[in-house]
Amino acid sequence: MSRGLRFQIILSGFLAATVVVLALHQSANRLPAPDSAVTGPGAYAGKAGAGLAAARATTSAKSRTLPNYSGIGSASARRRSIIDQLRAMGVPNEVLALVALEDFESEWDGRFAACWGDPASMERVQLEKDLSQDAAMRAALGEKDFKQWDTKAMLWEAMSTPVDVTPGEAESIYALKKNLQQRQFALEQARIDGTMDRAQVLAAVQKSYADYNQELKAVLGEARYAKSQQLDDDFTAGNLRYELASVNPSDSQFQGLFKADKQWNTALAELDPGSPNYLEQFKAANEAHDQAYAQILGQDAFRNLREQQDTGYIQMKKYENLWGLDDGKIDYVYDTMNQYRKAVGDYQLQVRALQSQGQDVDWSAVNTYLQKLTGQTQQALQNTVGQDSFSSLQRNSVLRWAGAGFRPTYGGAPAQ
């Protein structure tokens, strides 16, 4: 079920309950307090009528007077009226926030529809919506309940795996996330206004995240930070076991592969993307990683692992009959495309080396070489697998060619 549909069902259920309350309010202006309140976010799961059930509870002797919201015109005031009615029925704050958020988002539907086909206007509307969300949610829920809901949301975003934090640490993490959020909004505003170009914005975004992660690590400490970001050994080992399931390594092999992965990740983390030797160092790190894997697993098992991690290979195996392929042709396409990516990558290193030495690059010659290399590879594939099979591979994006924005990768992953 889609997010929007799920929220619409929740909203419809609780708005139906609100209609009942408003009808009672108009006739008697009072509603008996519910016998019991829904007390947790999971209490409404699978029970869209929980708010209505709470509204029907009349066993308490104590009554609660509801405010009169007749004649409400603004969306903000109407939203607050809905929230007050539902809160009076004992609906938990987490659900109130879902209702308020969905109502707030639906309020912008017309604005987005009005700029359909105008990407620049749509970007501005999106930023305006993002900038106004906190104020709208604060007005709907009240300061205390907004802070409770928003803190939980920010901590959820900050930690991929929750770790225990003290109230003081939670407040610090919340402040870090809000500062990061505001920084992202400011950078998006600068990009839209044209006061910073995309490269400047990207660099600033990377720096803001780097600063944020360092500050978060200072709050949590190394161990909790690693666990919260799913960088701890337990999590990474579990992921690695899942990725290696097809080759089923022994315990000793797994320990060797796990060590190789840690060394690889450390090497990549220490690289400077701005360094003239970045691509060479990146390639060397990946090649060392592959060599370690091949030595530990053996060449056949390593090849099998790489094939199972290659989306193009997986597609070819799945549709081999439909595309007129067999095992021999699939292996030929897989090997040929790996050789092609390596050739493009090596050539890119040569071009980068010339640039780092201050030499001018003849981009026309670069494009001519890439076109020639691509044409030769395409012809070889057509001759081996046939035109129909080649066309099927092309249509389904199994074959990726060097072009604008092409960035080859090493280590068996398909180029994008």
# chains A, B, ... in the order shown; residues from 1 in each chain; ligands from 1

call {"tool": "select_by_dssp", "arguments": {"residues": "range 219-403 of chain A", "states": "alpha helix (DSSP H)", "output": "JSON, numbers by chain"}}
result
{"A": [219, 220, 221, 222, 223, 224, 225, 226, 227, 228, 233, 234, 235, 236, 237, 238, 239, 240, 241, 242, 243, 251, 252, 253, 254, 255, 256, 257, 258, 259, 260, 261, 262, 263, 264, 265, 266, 267, 268, 269, 278, 279, 280, 281, 282, 283, 284, 285, 286, 287, 288, 289, 290, 291, 292, 293, 294, 295, 296, 297, 299, 300, 301, 302, 303, 304, 305, 306, 307, 308, 311, 312, 313, 314, 315, 316, 317, 318, 327, 328, 329, 330, 331, 332, 333, 334, 335, 336, 337, 338, 339, 340, 341, 342, 343, 344, 345, 346, 347, 348, 349, 350, 351, 352, 353, 354, 355, 356, 363, 364, 365, 366, 367, 368, 369, 370, 371, 372, 373, 374, 375, 376, 377, 378, 379, 380, 381, 382, 383, 384, 385, 387, 388, 389, 390, 391, 392, 393, 394, 395]}

call {"tool": "residues_around", "arguments": {"residues": "range 168-177 of chain A", "least_positions_apart": "2", "cutoff": "8 Å", "atoms": "only C-alpha atoms", "output": "list in words"}}
result
Thr151, Met154, Leu155, Ala158, Val165, Thr166, Asn179, Leu180, Gln181, Tyr212, Glu215, Leu216, Val219 and Leu220 of chain A

call {"tool": "write_last_selection", "arguments": {"atoms": "all heavy atoms", "output": "mmCIF file, in the first residue's frame"}}
result
data_model
loop_
_atom_site.group_PDB
_atom_site.id
_atom_site.type_symbol
_atom_site.label_atom_id
_atom_site.label_comp_id
_atom_site.auth_asym_id
_atom_site.auth_seq_id
_atom_site.Cartn_x
_atom_site.Cartn_y
_atom_site.Cartn_z
ATOM 1 N N THR A 151 11.237 15.482 17.552
ATOM 2 C CA THR A 151 12.451 14.899 18.125
ATOM 3 C C THR A 151 12.548 13.420 17.768
ATOM 4 O O THR A 151 13.609 12.929 17.366
ATOM 5 C CB THR A 151 12.468 15.072 19.651
ATOM 6 O OG1 THR A 151 12.499 16.461 19.969
ATOM 7 C CG2 THR A 151 13.690 14.395 20.261
ATOM 8 N N MET A 154 13.518 13.170 14.114
ATOM 9 C CA MET A 154 14.911 13.525 13.847
ATOM 10 C C MET A 154 15.870 12.450 14.347
ATOM 11 O O MET A 154 16.875 12.141 13.697
ATOM 12 C CB MET A 154 15.236 14.863 14.508
ATOM 13 C CG MET A 154 14.566 16.082 13.891
ATOM 14 S SD MET A 154 15.127 16.476 12.202
ATOM 15 C CE MET A 154 13.782 15.771 11.240
ATOM 16 N N LEU A 155 15.583 11.864 15.508
ATOM 17 C CA LEU A 155 16.439 10.792 16.019
ATOM 18 C C LEU A 155 16.341 9.561 15.133
ATOM 19 O O LEU A 155 17.339 8.848 14.936
ATOM 20 C CB LEU A 155 16.066 10.447 17.461
ATOM 21 C CG LEU A 155 16.935 11.127 18.534
ATOM 22 C CD1 LEU A 155 16.791 12.635 18.480
ATOM 23 C CD2 LEU A 155 16.575 10.620 19.920
ATOM 24 N N ALA A 158 18.551 10.250 12.293
ATOM 25 C CA ALA A 158 19.963 10.329 12.670
ATOM 26 C C ALA A 158 20.589 8.964 12.859
ATOM 27 O O ALA A 158 21.800 8.807 12.680
ATOM 28 C CB ALA A 158 20.114 11.154 13.955
ATOM 29 N N VAL A 165 20.255 6.508 24.256
ATOM 30 C CA VAL A 165 20.795 7.843 24.494
ATOM 31 C C VAL A 165 20.106 8.442 25.711
ATOM 32 O O VAL A 165 18.955 8.108 26.025
ATOM 33 C CB VAL A 165 20.583 8.776 23.280
ATOM 34 C CG1 VAL A 165 21.391 8.307 22.085
ATOM 35 C CG2 VAL A 165 19.110 8.879 22.910
ATOM 36 N N THR A 166 20.810 9.311 26.402
ATOM 37 C CA THR A 166 20.223 10.022 27.534
ATOM 38 C C THR A 166 19.350 11.156 27.004
ATOM 39 O O THR A 166 19.464 11.551 25.833
ATOM 40 C CB THR A 166 21.320 10.599 28.423
ATOM 41 O OG1 THR A 166 22.020 11.630 27.696
ATOM 42 C CG2 THR A 166 22.300 9.518 28.867
ATOM 43 N N ASN A 179 19.943 21.761 12.767
ATOM 44 C CA ASN A 179 20.937 22.651 12.153
ATOM 45 C C ASN A 179 21.313 22.163 10.757
ATOM 46 O O ASN A 179 21.439 22.959 9.814
ATOM 47 C CB ASN A 179 22.191 22.736 13.028
ATOM 48 C CG ASN A 179 21.959 23.523 14.301
ATOM 49 O OD1 ASN A 179 21.037 24.345 14.382
ATOM 50 N ND2 ASN A 179 22.789 23.284 15.297
ATOM 51 N N LEU A 180 21.490 20.846 10.614
ATOM 52 C CA LEU A 180 21.802 20.279 9.312
ATOM 53 C C LEU A 180 20.658 20.519 8.336
ATOM 54 O O LEU A 180 20.873 20.883 7.179
ATOM 55 C CB LEU A 180 22.080 18.782 9.445
ATOM 56 C CG LEU A 180 22.361 18.025 8.154
ATOM 57 C CD1 LEU A 180 23.653 18.514 7.509
ATOM 58 C CD2 LEU A 180 22.439 16.513 8.410
ATOM 59 N N GLN A 181 19.436 20.317 8.809
ATOM 60 C CA GLN A 181 18.257 20.525 7.965
ATOM 61 C C GLN A 181 18.195 21.959 7.464
ATOM 62 O O GLN A 181 17.964 22.209 6.271
ATOM 63 C CB GLN A 181 17.000 20.171 8.760
ATOM 64 C CG GLN A 181 15.705 20.274 7.979
ATOM 65 C CD GLN A 181 14.503 20.034 8.876
ATOM 66 O OE1 GLN A 181 14.179 20.855 9.746
ATOM 67 N NE2 GLN A 181 13.853 18.897 8.682
ATOM 68 N N TYR A 212 28.559 17.391 10.436
ATOM 69 C CA TYR A 212 27.481 16.805 11.243
ATOM 70 C C TYR A 212 27.881 15.432 11.785
ATOM 71 O O TYR A 212 27.664 15.130 12.968
ATOM 72 C CB TYR A 212 26.214 16.693 10.391
ATOM 73 C CG TYR A 212 25.208 15.706 10.921
ATOM 74 C CD1 TYR A 212 24.387 16.022 12.003
ATOM 75 C CD2 TYR A 212 25.088 14.435 10.347
ATOM 76 C CE1 TYR A 212 23.472 15.111 12.499
ATOM 77 C CE2 TYR A 212 24.174 13.524 10.845
ATOM 78 C CZ TYR A 212 23.371 13.863 11.909
ATOM 79 O OH TYR A 212 22.474 12.957 12.404
ATOM 80 N N GLU A 215 30.282 15.747 14.632
ATOM 81 C CA GLU A 215 29.592 16.222 15.842
ATOM 82 C C GLU A 215 28.740 15.118 16.451
ATOM 83 O O GLU A 215 28.660 14.972 17.679
ATOM 84 C CB GLU A 215 28.733 17.439 15.495
ATOM 85 C CG GLU A 215 29.557 18.670 15.108
ATOM 86 C CD GLU A 215 28.712 19.762 14.470
ATOM 87 O OE1 GLU A 215 27.622 19.427 13.945
ATOM 88 O OE2 GLU A 215 29.135 20.923 14.483
ATOM 89 N N LEU A 216 28.088 14.337 15.594
ATOM 90 C CA LEU A 216 27.283 13.217 16.091
ATOM 91 C C LEU A 216 28.177 12.182 16.769
ATOM 92 O O LEU A 216 27.822 11.630 17.819
ATOM 93 C CB LEU A 216 26.515 12.583 14.940
ATOM 94 C CG LEU A 216 25.607 11.403 15.283
ATOM 95 C CD1 LEU A 216 24.534 11.811 16.280
ATOM 96 C CD2 LEU A 216 24.967 10.830 14.012
ATOM 97 N N VAL A 219 29.000 13.211 20.236
ATOM 98 C CA VAL A 219 27.904 13.012 21.192
ATOM 99 C C VAL A 219 27.805 11.548 21.606
ATOM 100 O O VAL A 219 27.666 11.224 22.791
ATOM 101 C CB VAL A 219 26.564 13.487 20.589
ATOM 102 C CG1 VAL A 219 25.393 13.116 21.520
ATOM 103 C CG2 VAL A 219 26.585 14.995 20.370
ATOM 104 N N LEU A 220 27.892 10.644 20.631
ATOM 105 C CA LEU A 220 27.642 9.224 20.888
ATOM 106 C C LEU A 220 28.892 8.440 21.278
ATOM 107 O O LEU A 220 28.785 7.386 21.922
ATOM 108 C CB LEU A 220 27.022 8.573 19.654
ATOM 109 C CG LEU A 220 25.627 9.051 19.244
ATOM 110 C CD1 LEU A 220 25.208 8.413 17.928
ATOM 111 C CD2 LEU A 220 24.607 8.747 20.333
#

call {"tool": "closest_residue", "arguments": {"among": "A:Ser106, A:Asn338, A:Gln348, A:Gln230", "to": "Ser160 in chain A", "atoms": "only C-alpha atoms"}}
result
A:Gln230

call {"tool": "atom_distance", "arguments": {"atom1": "CA of Pro273 in chain A", "atom2": "CA of Gln206 in chain A"}}
result
11.6 Å

call {"tool": "closest_residue", "arguments": {"among": "A:Asn286, A:Ser121, A:Gln394, A:Gln378", "to": "Trp323 in chain A", "atoms": "only C-alpha atoms"}}
result
A:Gln394

call {"tool": "atom_distance", "arguments": {"atom1": "CA of Leu231 in chain A", "atom2": "CA of Ala210 in chain A"}}
result
15.5 Å
